[in-house]
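A.B. asks: The structure that follows is given in the form of structure tokens.
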Amino acid sequence: MLDSTTNNQNITTNTEKESEGVIVHAIRITTKLGIALALFFTNNPNALPLALYLGISEILDQISLDLTRTNLNLKKYVGLFYACNSVAAISVITYFANWSLTDFYLIYLVHISSSTLAYGFQNGLLSFILSIFSYSFLLFINQAPLLMYLRFPIMAILVLRLLVSQKNYEKTNRTLNAVLGIEKSKKDFIALASHNLRTPVAAIYGYIDFLLRGDAGSLNEAQADFIRKIRTNNKELEKLTEQLLEISILEVNKEVDLIRQQSQIEVLIEDVVKEHEIMAREKGLILTFQRQDGLLPLVNIDVEKIKSVLSNIIDNAVKYTEKGSVTINAFQKGDYIVISVKDTGIGIAKEELPKIFTKFYRSGNVLIYNKTGVGLGLYLGKQIVELHGGKLTVESVLSEGSSFSLMLPIIKEEMLQ
Ligand code: ADP
């Protein structure tokens with residue numbers, strides 16, 4: 001029979017959980033049969049009735065599981081089902097096999113141990129220890145009259161235990177429903193946010209362009225300067241919005257659908273570099289893409305996602321460089337295309353290098369230089385690149401500069417045919 005440790009099984013919500021349930025059941029049956037076999041081979045007279053008990057209990061449990069899994073109304077009575085199963089199977093066996101109460105404790109001990117093994121150490125440990133103690137104590141004071149007197153308190157404890165198990169189940173179920181509710185709200189938030197946050201940001205860009213083009217009359221230098229500043233800030237807002245949405249999608253959906261297409265990486269790099277030319281020029285930096293002669297092999301990528309990763313790296317290179325240059329190269333290295341972004345900026349301290357790909361991490365020096373940012377871009381970038389089967393690495397020397405390498409696997413010849 002299942003005890004309080006079994007509730008997890010009854011809140012199965014998807015196929016993954018159901019296959020988990022099958023594994024748990026297999027462990028339960030194997031443990032029980034193992035114990036029965038051990039008793040059998042040691043010529044223990046309890047072997048046969050015990051095997052019978054295991055068979056009956058397993059069938060009853062399976063019926064209860066099927067019933068409660070498919071019928072939501074019955075789900076809440078699951079604890080009661082298992083209580084009845086326990087009482088029925090144990091009564092039948094003790095009656096027909098003419099067992100003593102000691103044997104009853106033994107089979108219950110076997111049942112608790114197998115449940116504990118199957119349903120996990122954490123859940124079952126307490127009930128396991130308690131059972132061992134109580135049953136060992138009862139076996140130790142094995143005197144028929146005393147056991148007869150103890151029968152009712154023991155049954156009461158058993159019922160109490162099952163009631164607690166039922167309560168636990170309900171609590172777990174409530175928590176699960178609450179979690180499912182939160183998950184749904186998160187998904188609703190993403191759907192809402194992607195539309196409601198992106199639309200005004202795009203609209204602001206549109207109006208800024210109208211103003212800068214002179215559609216609402218010509219601007220003086222100060223006005224144009226303010227509007228360019230609004231543009232820069234809107235860009236930050238857009239970046240943050242996109243990063244937060246991307247992270248929510250990654251963490252809520254646990255996966256990202258890549259819309260892959262065979263791509264010539266040089267074209268993508270040129271696009272991203274172009275987008276950063278103004279920003280680099282304004283800071284007096286030399287931004288160059290040193291394109292090689294001839295074409296690089298194709299890569300199979302989600303262009304928009306890789307663009308956003310590269311854009312963040314180049315954005316950072318420009319943001320964290322006060323003078324000098326940002327140089328981009330793309331070349332083949334074995335089965336990968338490597339895009340390297342090298343800057344002559346503030347650099348990253350050696351001990352901080354392993355941390356910069358973690359969520360919200362920002363190195364000490366950027367805080368000193370008072371640079372805006374939240375520390376999400378590289379965390380996201382690494383995940384996206386790894387989803388493509390690639391790698392994102394960094395080398396850096398404090399106060400000298402950094403070099404980020406984005407590696408993407410090349411499409412194999414045979415895949416192109
Ligand atoms: P953000 O730039 O918004 O802080 P990122 O995740 O893109 O977030 O970067 C994380 C941190 O890595 C930055 O805060 C900065 O400390 C460091 N970093 C990233 N790129 C560079 C770079 N080119 N030069 C120096 N430090 C960098």
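In the structure tokens, chains take letters A, B, ... by order of appearance, with residues numbered from 1 within each chain and ligands from 1 in the order shown.
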With the cut-off set at 9 Å and counting only C-alpha atoms, tabulate each residue of region 197-264 of chain A with an atom at most that distance from an atom of region 367-378 of chain A, showing the nearest atom pair and its distance in Å to one decimal, ordered by chain and increasing number, as a tab-separated table.
C.D. replies:
```
residue	atom	partner	partner_atom	distance
A:Glu236	CA	A:Gly373	CA	8.1
A:Lys239	CA	A:Gly377	CA	8.8
A:Leu240	CA	A:Val374	CA	8.0
A:Gln243	CA	A:Leu376	CA	6.8
A:Leu244	CA	A:Leu376	CA	8.1
A:Ile247	CA	A:Leu376	CA	8.5
```
A.B. asks: Return as a VMD selection string the residues of protein, DNA or RNA that approach ligand 1 to within 9 Å, with only C-alpha atoms and all ligand atoms taken into account.
C.D. replies: chain A and resid 239 to 240 312 to 321 341 to 349 352 to 353 355 to 367 371 to 381 394 396 398 to 399 401 to 404
A.B. asks: Could those residues be written to a file, using C-alpha atoms, as a CSV table (one decimal), in the first residue's frame?
C.D. replies:
```
chain,number,residue,atom,x,y,z
A,239,LYS,CA,17.6,46.2,-24.9
A,240,LEU,CA,16.4,45.7,-21.4
A,312,ASN,CA,25.1,42.9,-27.1
A,313,ILE,CA,28.8,41.9,-27.3
A,314,ILE,CA,29.6,44.8,-29.7
A,315,ASP,CA,27.4,47.1,-27.6
A,316,ASN,CA,29.4,46.2,-24.5
A,317,ALA,CA,32.7,46.6,-26.3
A,318,VAL,CA,31.8,50.1,-27.3
A,319,LYS,CA,30.2,50.9,-23.9
A,320,TYR,CA,33.2,49.7,-21.9
A,321,THR,CA,35.9,51.2,-24.1
A,341,VAL,CA,35.1,41.0,-30.8
A,342,LYS,CA,38.3,42.7,-29.5
A,343,ASP,CA,38.3,46.0,-27.6
A,344,THR,CA,40.9,48.2,-26.0
A,345,GLY,CA,38.6,49.0,-23.1
A,346,ILE,CA,38.5,48.8,-19.3
A,347,GLY,CA,38.9,45.0,-19.3
A,348,ILE,CA,37.8,42.5,-16.7
A,349,ALA,CA,39.7,41.3,-13.6
A,352,GLU,CA,35.8,38.0,-12.2
A,353,LEU,CA,36.0,36.4,-15.6
A,355,LYS,CA,31.3,35.1,-13.2
A,356,ILE,CA,30.4,37.5,-16.0
A,357,PHE,CA,28.2,34.9,-17.7
A,358,THR,CA,26.0,34.6,-14.7
A,359,LYS,CA,22.7,36.3,-14.3
A,360,PHE,CA,22.9,40.0,-13.1
A,361,TYR,CA,26.6,39.9,-12.6
A,362,ARG,CA,28.4,43.1,-13.3
A,363,SER,CA,32.2,43.5,-12.7
A,364,GLY,CA,33.4,46.0,-10.1
A,365,ASN,CA,35.0,48.4,-12.6
A,366,VAL,CA,31.8,49.0,-14.6
A,367,LEU,CA,30.2,50.1,-11.3
A,371,LYS,CA,28.0,52.5,-16.9
A,372,THR,CA,24.3,51.6,-17.3
A,373,GLY,CA,23.4,47.9,-17.6
A,374,VAL,CA,21.9,45.1,-15.6
A,375,GLY,CA,24.1,42.1,-16.3
A,376,LEU,CA,21.7,40.0,-18.3
A,377,GLY,CA,23.1,40.2,-21.9
A,378,LEU,CA,26.0,37.8,-21.5
A,379,TYR,CA,24.0,35.3,-19.4
A,380,LEU,CA,21.4,35.2,-22.2
A,381,GLY,CA,24.0,35.2,-24.9
A,394,VAL,CA,36.1,35.6,-23.1
A,396,SER,CA,40.6,39.9,-20.8
A,398,LEU,CA,42.2,44.6,-16.7
A,399,SER,CA,42.7,48.1,-18.1
A,401,GLY,CA,40.9,45.3,-23.1
A,402,SER,CA,38.7,42.2,-23.7
A,403,SER,CA,38.2,39.7,-26.5
A,404,PHE,CA,34.9,37.8,-26.8
```
A.B. asks: Excluding same-chain residues fewer than 2 positions from Gln332 (chain A), what lies within 10 Å of it counting only C-alpha atoms, as a short mmCIF file (atom, residue, chain, number, x, y, z; two decimals) with all heavy atoms, in the first residue's frame?
C.D. replies:
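Result file part.cif:
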```cif
data_model
loop_
_atom_site.label_atom_id
_atom_site.label_comp_id
_atom_site.auth_asym_id
_atom_site.auth_seq_id
_atom_site.Cartn_x
_atom_site.Cartn_y
_atom_site.Cartn_z
N LEU A 296 32.97 32.60 -45.96
CA LEU A 296 33.11 31.57 -44.91
C LEU A 296 32.04 30.50 -45.13
O LEU A 296 31.00 30.77 -45.76
CB LEU A 296 32.91 32.22 -43.54
CG LEU A 296 34.07 33.08 -43.03
CD1 LEU A 296 33.61 33.89 -41.82
CD2 LEU A 296 35.26 32.22 -42.67
N PRO A 297 32.25 29.29 -44.59
CA PRO A 297 31.19 28.28 -44.72
C PRO A 297 29.90 28.74 -44.03
O PRO A 297 29.92 29.59 -43.14
CB PRO A 297 31.78 27.06 -43.98
CG PRO A 297 33.22 27.32 -43.87
CD PRO A 297 33.42 28.79 -43.88
N ALA A 330 36.06 37.45 -38.31
CA ALA A 330 35.32 36.18 -38.42
C ALA A 330 36.19 35.22 -39.21
O ALA A 330 36.72 35.58 -40.27
CB ALA A 330 34.00 36.41 -39.12
N GLY A 334 38.53 24.84 -37.32
CA GLY A 334 37.99 23.47 -37.26
C GLY A 334 36.56 23.45 -37.76
O GLY A 334 36.25 23.98 -38.83
N ASP A 335 35.67 22.90 -36.95
CA ASP A 335 34.27 22.78 -37.37
C ASP A 335 33.43 24.00 -36.99
O ASP A 335 32.21 23.98 -37.04
CB ASP A 335 33.63 21.55 -36.70
CG ASP A 335 34.22 20.26 -37.24
OD1 ASP A 335 34.77 20.31 -38.36
OD2 ASP A 335 34.15 19.23 -36.54
N TYR A 336 34.11 25.06 -36.57
CA TYR A 336 33.38 26.25 -36.11
C TYR A 336 33.73 27.51 -36.90
O TYR A 336 34.82 27.61 -37.46
CB TYR A 336 33.70 26.54 -34.63
CG TYR A 336 33.17 25.50 -33.69
CD1 TYR A 336 33.93 24.38 -33.36
CD2 TYR A 336 31.91 25.63 -33.11
CE1 TYR A 336 33.44 23.42 -32.48
CE2 TYR A 336 31.41 24.68 -32.24
CZ TYR A 336 32.19 23.57 -31.92
OH TYR A 336 31.70 22.63 -31.06
N ILE A 337 32.75 28.43 -36.90
CA ILE A 337 33.06 29.79 -37.33
C ILE A 337 33.23 30.57 -36.04
O ILE A 337 32.40 30.49 -35.14
CB ILE A 337 31.86 30.42 -38.10
CG1 ILE A 337 31.56 29.68 -39.39
CG2 ILE A 337 32.09 31.91 -38.34
CD1 ILE A 337 32.55 29.92 -40.49
N VAL A 338 34.35 31.30 -35.96
CA VAL A 338 34.58 32.10 -34.75
C VAL A 338 34.39 33.57 -35.10
O VAL A 338 34.95 34.06 -36.08
CB VAL A 338 36.01 31.90 -34.21
CG1 VAL A 338 36.21 32.66 -32.90
CG2 VAL A 338 36.31 30.42 -34.01
N ILE A 339 33.55 34.25 -34.30
CA ILE A 339 33.44 35.71 -34.45
C ILE A 339 34.13 36.28 -33.22
O ILE A 339 33.70 36.01 -32.10
CB ILE A 339 31.97 36.19 -34.47
CG1 ILE A 339 31.16 35.39 -35.49
CG2 ILE A 339 31.90 37.68 -34.75
CD1 ILE A 339 29.66 35.63 -35.37
N MET A 407 31.48 31.19 -30.97
CA MET A 407 31.76 30.09 -31.90
C MET A 407 30.47 29.39 -32.30
O MET A 407 29.68 29.01 -31.44
CB MET A 407 32.70 29.08 -31.23
CG MET A 407 34.05 29.69 -30.90
SD MET A 407 35.01 28.61 -29.85
CE MET A 407 35.55 27.38 -31.02
N LEU A 408 30.29 29.21 -33.61
CA LEU A 408 29.07 28.55 -34.10
C LEU A 408 29.46 27.38 -35.01
O LEU A 408 30.37 27.53 -35.85
CB LEU A 408 28.23 29.54 -34.91
CG LEU A 408 27.63 30.69 -34.10
CD1 LEU A 408 27.10 31.77 -35.02
CD2 LEU A 408 26.50 30.18 -33.19
N PRO A 409 28.80 26.23 -34.86
CA PRO A 409 29.19 25.09 -35.70
C PRO A 409 28.85 25.32 -37.18
O PRO A 409 27.80 25.86 -37.50
CB PRO A 409 28.36 23.93 -35.13
CG PRO A 409 27.33 24.53 -34.27
CD PRO A 409 27.72 25.92 -33.92
N ILE A 410 29.78 24.87 -38.02
CA ILE A 410 29.58 25.00 -39.47
C ILE A 410 28.63 23.90 -39.94
O ILE A 410 28.63 22.80 -39.38
CB ILE A 410 30.95 24.82 -40.18
CG1 ILE A 410 31.84 26.00 -39.85
CG2 ILE A 410 30.79 24.63 -41.68
CD1 ILE A 410 33.29 25.79 -40.27
#
```
A.B. asks: Assign secondary structure with DSSP using the backbone only, and return the residues of region 179-404 of chain A in strand (DSSP E or B) as a PyMOL selection string.
C.D. replies: chain A and resi 261-263+286-290+299-301+325-333+336-343+391-397+401-404
A.B. asks: What gap, in Å, lies between CA of Gly324 (chain A) and CA of Asn233 (chain A)?
C.D. replies: 23.8 Å
A.B. asks: For CA of Ala178 (chain A) and CA of Val256 (chain A), determine how far apart the two atoms are, in Å to one decimal place.
C.D. replies: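 Straight-line distance from CA of Ala178 (chain A) to CA of Val256 (chain A) works out to 24.6 Å.
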A.B. asks: Residues within 9 Å of region 203-206 of chain A, please, as a list in words. Count only C-alpha atoms; anything in the same chain fewer than 6 positions from it doesn't count.
C.D. replies: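 Contacts, with the query itself left out: Ile230, Arg231, Asn234 and Lys235 of chain A.
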A.B. asks: Please report, as a list in words, each residue of region 340-389 of chain A to which DSSP assigns alpha helix (DSSP H) when run on this structure's backbone.
C.D. replies: Gly364, Asn365, Val366, Leu367, Ile368, Gly377, Leu378, Tyr379, Leu380, Gly381, Lys382, Gln383, Ile384, Val385, Glu386 and Leu387 of chain A
A.B. asks: Save the residues we just selected, N, CA and C atoms, as a CSV table (one decimal), in the first residue's frame?
C.D. replies:
```
chain,number,residue,atom,x,y,z
A,364,GLY,N,33.2,44.8,-11.0
A,364,GLY,CA,33.4,46.0,-10.1
A,364,GLY,C,33.8,47.2,-10.8
A,365,ASN,N,34.6,47.1,-11.9
A,365,ASN,CA,35.0,48.4,-12.6
A,365,ASN,C,33.9,49.1,-13.3
A,366,VAL,N,32.9,48.3,-13.8
A,366,VAL,CA,31.8,49.0,-14.6
A,366,VAL,C,31.0,49.9,-13.6
A,367,LEU,N,31.0,49.4,-12.3
A,367,LEU,CA,30.2,50.1,-11.3
A,367,LEU,C,31.0,51.5,-11.0
A,368,ILE,N,32.3,51.3,-11.0
A,368,ILE,CA,33.1,52.6,-10.8
A,368,ILE,C,32.9,53.6,-11.9
A,377,GLY,N,22.8,40.5,-20.5
A,377,GLY,CA,23.1,40.2,-21.9
A,377,GLY,C,24.0,39.0,-22.1
A,378,LEU,N,25.1,38.9,-21.3
A,378,LEU,CA,26.0,37.8,-21.5
A,378,LEU,C,25.5,36.4,-21.0
A,379,TYR,N,24.7,36.5,-20.0
A,379,TYR,CA,24.0,35.3,-19.4
A,379,TYR,C,23.1,34.7,-20.5
A,380,LEU,N,22.3,35.6,-21.1
A,380,LEU,CA,21.4,35.2,-22.2
A,380,LEU,C,22.1,34.7,-23.4
A,381,GLY,N,23.2,35.5,-23.7
A,381,GLY,CA,24.0,35.2,-24.9
A,381,GLY,C,24.6,33.8,-24.9
A,382,LYS,N,25.1,33.5,-23.7
A,382,LYS,CA,25.8,32.1,-23.6
A,382,LYS,C,24.7,31.0,-23.8
A,383,GLN,N,23.5,31.2,-23.2
A,383,GLN,CA,22.5,30.2,-23.3
A,383,GLN,C,22.1,30.0,-24.8
A,384,ILE,N,21.9,31.2,-25.5
A,384,ILE,CA,21.4,31.1,-26.8
A,384,ILE,C,22.5,30.5,-27.7
A,385,VAL,N,23.8,30.8,-27.5
A,385,VAL,CA,24.8,30.3,-28.3
A,385,VAL,C,24.9,28.8,-28.1
A,386,GLU,N,24.8,28.4,-26.8
A,386,GLU,CA,24.9,26.9,-26.5
A,386,GLU,C,23.7,26.2,-27.1
A,387,LEU,N,22.5,26.8,-27.2
A,387,LEU,CA,21.4,26.1,-27.8
A,387,LEU,C,21.7,25.8,-29.3
```
A.B. asks: Compare A:Glu238, A:Glu266, A:Glu395, A:Glu282 by their minimum atom-to-atom distance to Lys323 (chain A), counting only C-alpha atoms, and give me the closest one.
C.D. replies: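 So, comparing all the options, the nearest one is A:Glu282.
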A.B. asks: To one decimal place in Å, what is the distance between CA of Glu304 (chain A) and CA of Phe331 (chain A)?
C.D. replies: 20.6 Å
